[in-house]
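Read the structure below first, then the notes.
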Amino acid sequence: MQKYDWMRRALLLAARGAGHVNPNPMVGCVIVKNGHVIGEGWHEQYGGLHAERNALSACTEDPAGATMYVTLEPCCHWGKTPPCTEAIIEKRIAHVVVGCCDPNPLVAGKGCAILRSAGISVETGVLEAECRQLNEVFFQFISHQTPFVLMKYAMTLDGKLAAHTGDSRWVTGEAARAHVHETRSRLSAIMVGIGTVLADDPLLTCRMDGGCNPVRILCDSHLRTPPDCRIMRTAHDVRTIIAAVERNEHASVLEQKGAEILLCSERDGHVDLNDLMRKLGAMKIDSVLLEGGSALHFAALQAGIVNKVHAYIAPKLIGGATSKTPVGGAGFDKMADAIALQNLTITPLGDDFLLEGDLPCSPEL
């Protein structure tokens with residue numbers, strides 16, 4: 001096998017940490033000696049050992065002289081665990097192949113430099129694009145200290161979220177809905193506006209075996225969340241944050257139900273989404289799945305906080321001049337002002353399709 005094959009194995013291992021290591025990166029590691037794997041590991045949970053130390057502890061023979069393949073540059077600082085560079089040097093690894101360098105200012109090339117100064121040869125940039133893509137959340141969060149925001153919606157082929165009656169179950173099939181719950185498990189938080197809460201009474205949990213419930217964030221500028229809605233009935237079980245611009249007579253009732261009230265700056269009568277992102281980042285919430293409604297989607301695009309879009313498209317036509325569309329609000333004035341998605345991919349999911357695209361995000365920080 002070649003170095004790219006070993007790095008692909010390390011990427012598969014790294015992905016096992018999805019939803020369990022935030023706000024840390026997902027990292028995988030494979031140790032090869034005389035052409036075969038003698039140890040492998042991944043970062044399994046936040047606060048636990050890093051991938052390199054897990055791989056070294058799993059070695060079936062002495063790793064001295066072996067080659068280590070790791071998706072992200074080994075750390076060289078003390079955090080919740082000791083520096084991985086110390087363990088690599090101590091175990092006399094001869095060669096380290098790195099997928100991508102760590103943008104964390106505490107590392108940022110220092111890990112590779114320390115290994116080289118100890119006489120270990122280091123190669124970087126192997127499957128770098130794939131390694132960076134795996135940790136797009138971490139790269140955004142560590143660079144800006146604000147969450148990675150993924151805007152998600154499901155629509156018919158003619159761009160409708162629901163029928164003109166409001167019925168929306170279900171726009172897409174089981175495969176697409178299962179993919180959504182995988183994403184809910186992977187990201188730290190899920191966010192909707194008060195309009196969605198009032199109209200749909202959602203639960204916003206992850207309904208998949210072994211999945212992780214995201215923190216629920218409600219953009220409710222003037223605290224109109226009903227105390228008896230499904231989210232509030234489960235707020236003691238699933239962390240729930242209500243972002244508002246002021247407290248009112250309902251605040252204490254919602255807090256007694258288990259919600260946290262997060263006061264934010266006001267912009268045009270609503271929560272300032274840039275201020276909210278800064279506050280969520282300070283709370284170590286590294287990623288947000290934005291699930292509507294359409295007014296909040298446009299506000300988020302206008303504020304420049306969206307990093308990526310997941311559009312689930314069903315091959316159905318439902319029509320309706322008044323049927324809701326994924327992005328509402330006032331809209332941009334000219335077609336030239338439209339936000340163009342980049343790095344597009346299309347994935348079949350049963351009878352439906354997932355279109356993914358990145359946004360040229362420039363938050364007002």
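By order in the structure tokens, chains are A, B, ...; within a chain, residues start at 1; ligands start at 1, following the order shown.
Near range 308-316 of chain A, within 6 Å and counting only C-alpha atoms, sit A:Leu150, A:Met151, A:Lys152, A:Tyr153, A:Ala154, A:Met155, A:Thr156, A:Leu157, A:Thr172, A:Asp352, A:Phe353, A:Leu354, A:Leu355, A:Glu356, A:Gly357, A:Asp358, A:Leu359; same-chain residues fewer than 3 positions away were not included.
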Which residues of range 190-232 of chain A come within 10 Å of range 257-270 of chain A, and what is each one's closest atom pair and distance in Å (one decimal), counting only C-alpha atoms, sorted by chain and residue number, as JSON lines?
{"residue": "A:Arg216", "atom": "CA", "partner": "A:Ala259", "partner_atom": "CA", "distance": 9.5}
{"residue": "A:Ile217", "atom": "CA", "partner": "A:Glu260", "partner_atom": "CA", "distance": 9.4}
{"residue": "A:Leu218", "atom": "CA", "partner": "A:Ile261", "partner_atom": "CA", "distance": 9.7}
{"residue": "A:Cys219", "atom": "CA", "partner": "A:His270", "partner_atom": "CA", "distance": 8.6}
{"residue": "A:Asp220", "atom": "CA", "partner": "A:His270", "partner_atom": "CA", "distance": 8.1}
{"residue": "A:Ser221", "atom": "CA", "partner": "A:His270", "partner_atom": "CA", "distance": 5.3}
{"residue": "A:His222", "atom": "CA", "partner": "A:His270", "partner_atom": "CA", "distance": 8.1}
{"residue": "A:Leu223", "atom": "CA", "partner": "A:Ile261", "partner_atom": "CA", "distance": 9.0}
{"residue": "A:Pro227", "atom": "CA", "partner": "A:Lys257", "partner_atom": "CA", "distance": 7.3}
{"residue": "A:Asp228", "atom": "CA", "partner": "A:Lys257", "partner_atom": "CA", "distance": 9.1}
{"residue": "A:Ile231", "atom": "CA", "partner": "A:Ala259", "partner_atom": "CA", "distance": 9.3}
{"residue": "A:Met232", "atom": "CA", "partner": "A:Lys257", "partner_atom": "CA", "distance": 6.2}
The selected residues should be written to file as a PDB file, in the first residue's frame (atoms: N, CA, C and O atoms).
ATOM      1  N   ARG A 216     -29.903  22.995  21.512  1.00  0.00           N
ATOM      2  CA  ARG A 216     -30.970  23.659  20.755  1.00  0.00           C
ATOM      3  C   ARG A 216     -30.925  25.163  21.023  1.00  0.00           C
ATOM      4  O   ARG A 216     -30.934  25.590  22.174  1.00  0.00           O
ATOM      5  N   ILE A 217     -30.870  25.937  19.938  1.00  0.00           N
ATOM      6  CA  ILE A 217     -30.801  27.393  20.048  1.00  0.00           C
ATOM      7  C   ILE A 217     -32.024  27.979  19.343  1.00  0.00           C
ATOM      8  O   ILE A 217     -32.263  27.705  18.168  1.00  0.00           O
ATOM      9  N   LEU A 218     -32.779  28.764  20.076  1.00  0.00           N
ATOM     10  CA  LEU A 218     -33.964  29.413  19.512  1.00  0.00           C
ATOM     11  C   LEU A 218     -33.702  30.900  19.396  1.00  0.00           C
ATOM     12  O   LEU A 218     -33.389  31.573  20.387  1.00  0.00           O
ATOM     13  N   CYS A 219     -33.824  31.448  18.193  1.00  0.00           N
ATOM     14  CA  CYS A 219     -33.738  32.893  18.006  1.00  0.00           C
ATOM     15  C   CYS A 219     -35.134  33.459  18.266  1.00  0.00           C
ATOM     16  O   CYS A 219     -36.017  33.368  17.413  1.00  0.00           O
ATOM     17  N   ASP A 220     -35.306  34.012  19.441  1.00  0.00           N
ATOM     18  CA  ASP A 220     -36.617  34.485  19.891  1.00  0.00           C
ATOM     19  C   ASP A 220     -36.408  35.858  20.526  1.00  0.00           C
ATOM     20  O   ASP A 220     -36.315  35.986  21.754  1.00  0.00           O
ATOM     21  N   SER A 221     -36.327  36.861  19.696  1.00  0.00           N
ATOM     22  CA  SER A 221     -35.905  38.186  20.137  1.00  0.00           C
ATOM     23  C   SER A 221     -36.699  38.707  21.329  1.00  0.00           C
ATOM     24  O   SER A 221     -36.138  39.333  22.231  1.00  0.00           O
ATOM     25  N   HIS A 222     -38.011  38.443  21.366  1.00  0.00           N
ATOM     26  CA  HIS A 222     -38.861  39.025  22.410  1.00  0.00           C
ATOM     27  C   HIS A 222     -39.528  37.957  23.278  1.00  0.00           C
ATOM     28  O   HIS A 222     -40.589  38.192  23.854  1.00  0.00           O
ATOM     29  N   LEU A 223     -38.898  36.778  23.346  1.00  0.00           N
ATOM     30  CA  LEU A 223     -39.305  35.688  24.258  1.00  0.00           C
ATOM     31  C   LEU A 223     -40.785  35.339  24.125  1.00  0.00           C
ATOM     32  O   LEU A 223     -41.568  35.441  25.071  1.00  0.00           O
ATOM     33  N   PRO A 227     -44.289  28.049  26.762  1.00  0.00           N
ATOM     34  CA  PRO A 227     -43.734  27.184  27.807  1.00  0.00           C
ATOM     35  C   PRO A 227     -44.137  25.723  27.665  1.00  0.00           C
ATOM     36  O   PRO A 227     -43.456  24.840  28.208  1.00  0.00           O
ATOM     37  N   ASP A 228     -45.230  25.452  26.928  1.00  0.00           N
ATOM     38  CA  ASP A 228     -45.698  24.077  26.792  1.00  0.00           C
ATOM     39  C   ASP A 228     -45.320  23.441  25.447  1.00  0.00           C
ATOM     40  O   ASP A 228     -45.792  22.360  25.116  1.00  0.00           O
ATOM     41  N   ILE A 231     -40.120  21.612  22.732  1.00  0.00           N
ATOM     42  CA  ILE A 231     -38.747  21.954  23.114  1.00  0.00           C
ATOM     43  C   ILE A 231     -38.667  22.273  24.595  1.00  0.00           C
ATOM     44  O   ILE A 231     -37.784  21.789  25.307  1.00  0.00           O
ATOM     45  N   MET A 232     -39.608  23.069  25.092  1.00  0.00           N
ATOM     46  CA  MET A 232     -39.569  23.448  26.501  1.00  0.00           C
ATOM     47  C   MET A 232     -39.914  22.279  27.416  1.00  0.00           C
ATOM     48  O   MET A 232     -39.412  22.202  28.539  1.00  0.00           O
TER      49      MET A 232
END
One residue among A:Ala55, A:Ile285, A:Val126, A:Val107 is nearest to Pro147 in chain A when using only C-alpha atoms, and that residue is A:Ile285
Of the candidates A:Asp333, A:Asp158, A:Glu174, A:Glu130, which shows the shortest atom-to-atom distance to Arg9 in chain A, using only C-alpha atoms?
-> A:Glu130
What separation in Å, quoted to one decimal, exists between CA of Val21 in chain A and CA of Glu44 in chain A?
-> 6.7 Å
Between A:Ala243, A:Cys29, A:Ala235, A:Ala14, which has the minimum distance to Leu134 in chain A (counting only C-alpha atoms)?
->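 Of A:Ala243, A:Cys29, A:Ala235, A:Ala14, the one nearest Leu134 in chain A is A:Ala14, counting only C-alpha atoms.
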Counting only C-alpha atoms, the option among A:Pro63, A:Gly195, A:Gly281, A:Pro226 closest to Lys91 in chain A |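 Between A:Pro63, A:Gly195, A:Gly281, A:Pro226, the residue approaching Lys91 in chain A most closely is A:Pro63.
Rounded to one decimal, CA of Val98 in chain A and CA of Gly125 in chain A lie 6.3 Å from each other.
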Given only C-alpha atoms as the counted atoms, nearest of A:Leu276, A:Gln342, A:Thr325, A:Lys3 to His164 in chain A |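 When distances to His164 in chain A are compared using only C-alpha atoms, the smallest one comes from A:Thr325.
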Compile the contact shell of Gly329 in chain A as a list in words: residues with an atom at most 8 Å away, counting only C-alpha atoms, same-chain residues fewer than 3 positions apart removed.
-> Ser294, Ala295, Leu296, Phe298 and Ala299 of chain A
Write out as a PDB file with N, CA and C atoms, in the first residue's frame each polymer residue whose atoms come within 7 Å of Gly19 in chain A, counting only C-alpha atoms; drop sequence neighbours fewer than 6 positions from it.
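The result, written out as result.pdb:
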ATOM      1  N   SER A 185     -26.242  14.937  14.683  1.00  0.00           N
ATOM      2  CA  SER A 185     -25.371  14.283  15.660  1.00  0.00           C
ATOM      3  C   SER A 185     -23.946  14.810  15.583  1.00  0.00           C
ATOM      4  N   ARG A 186     -23.518  15.208  14.383  1.00  0.00           N
ATOM      5  CA  ARG A 186     -22.124  15.622  14.167  1.00  0.00           C
ATOM      6  C   ARG A 186     -21.848  17.046  14.623  1.00  0.00           C
ATOM      7  N   LEU A 187     -22.843  17.934  14.491  1.00  0.00           N
ATOM      8  CA  LEU A 187     -22.636  19.335  14.839  1.00  0.00           C
ATOM      9  C   LEU A 187     -23.059  19.609  16.283  1.00  0.00           C
ATOM     10  N   CYS A 212     -25.862  11.915  19.014  1.00  0.00           N
ATOM     11  CA  CYS A 212     -25.730  12.931  20.065  1.00  0.00           C
ATOM     12  C   CYS A 212     -26.733  14.056  19.798  1.00  0.00           C
TER      13      CYS A 212
END
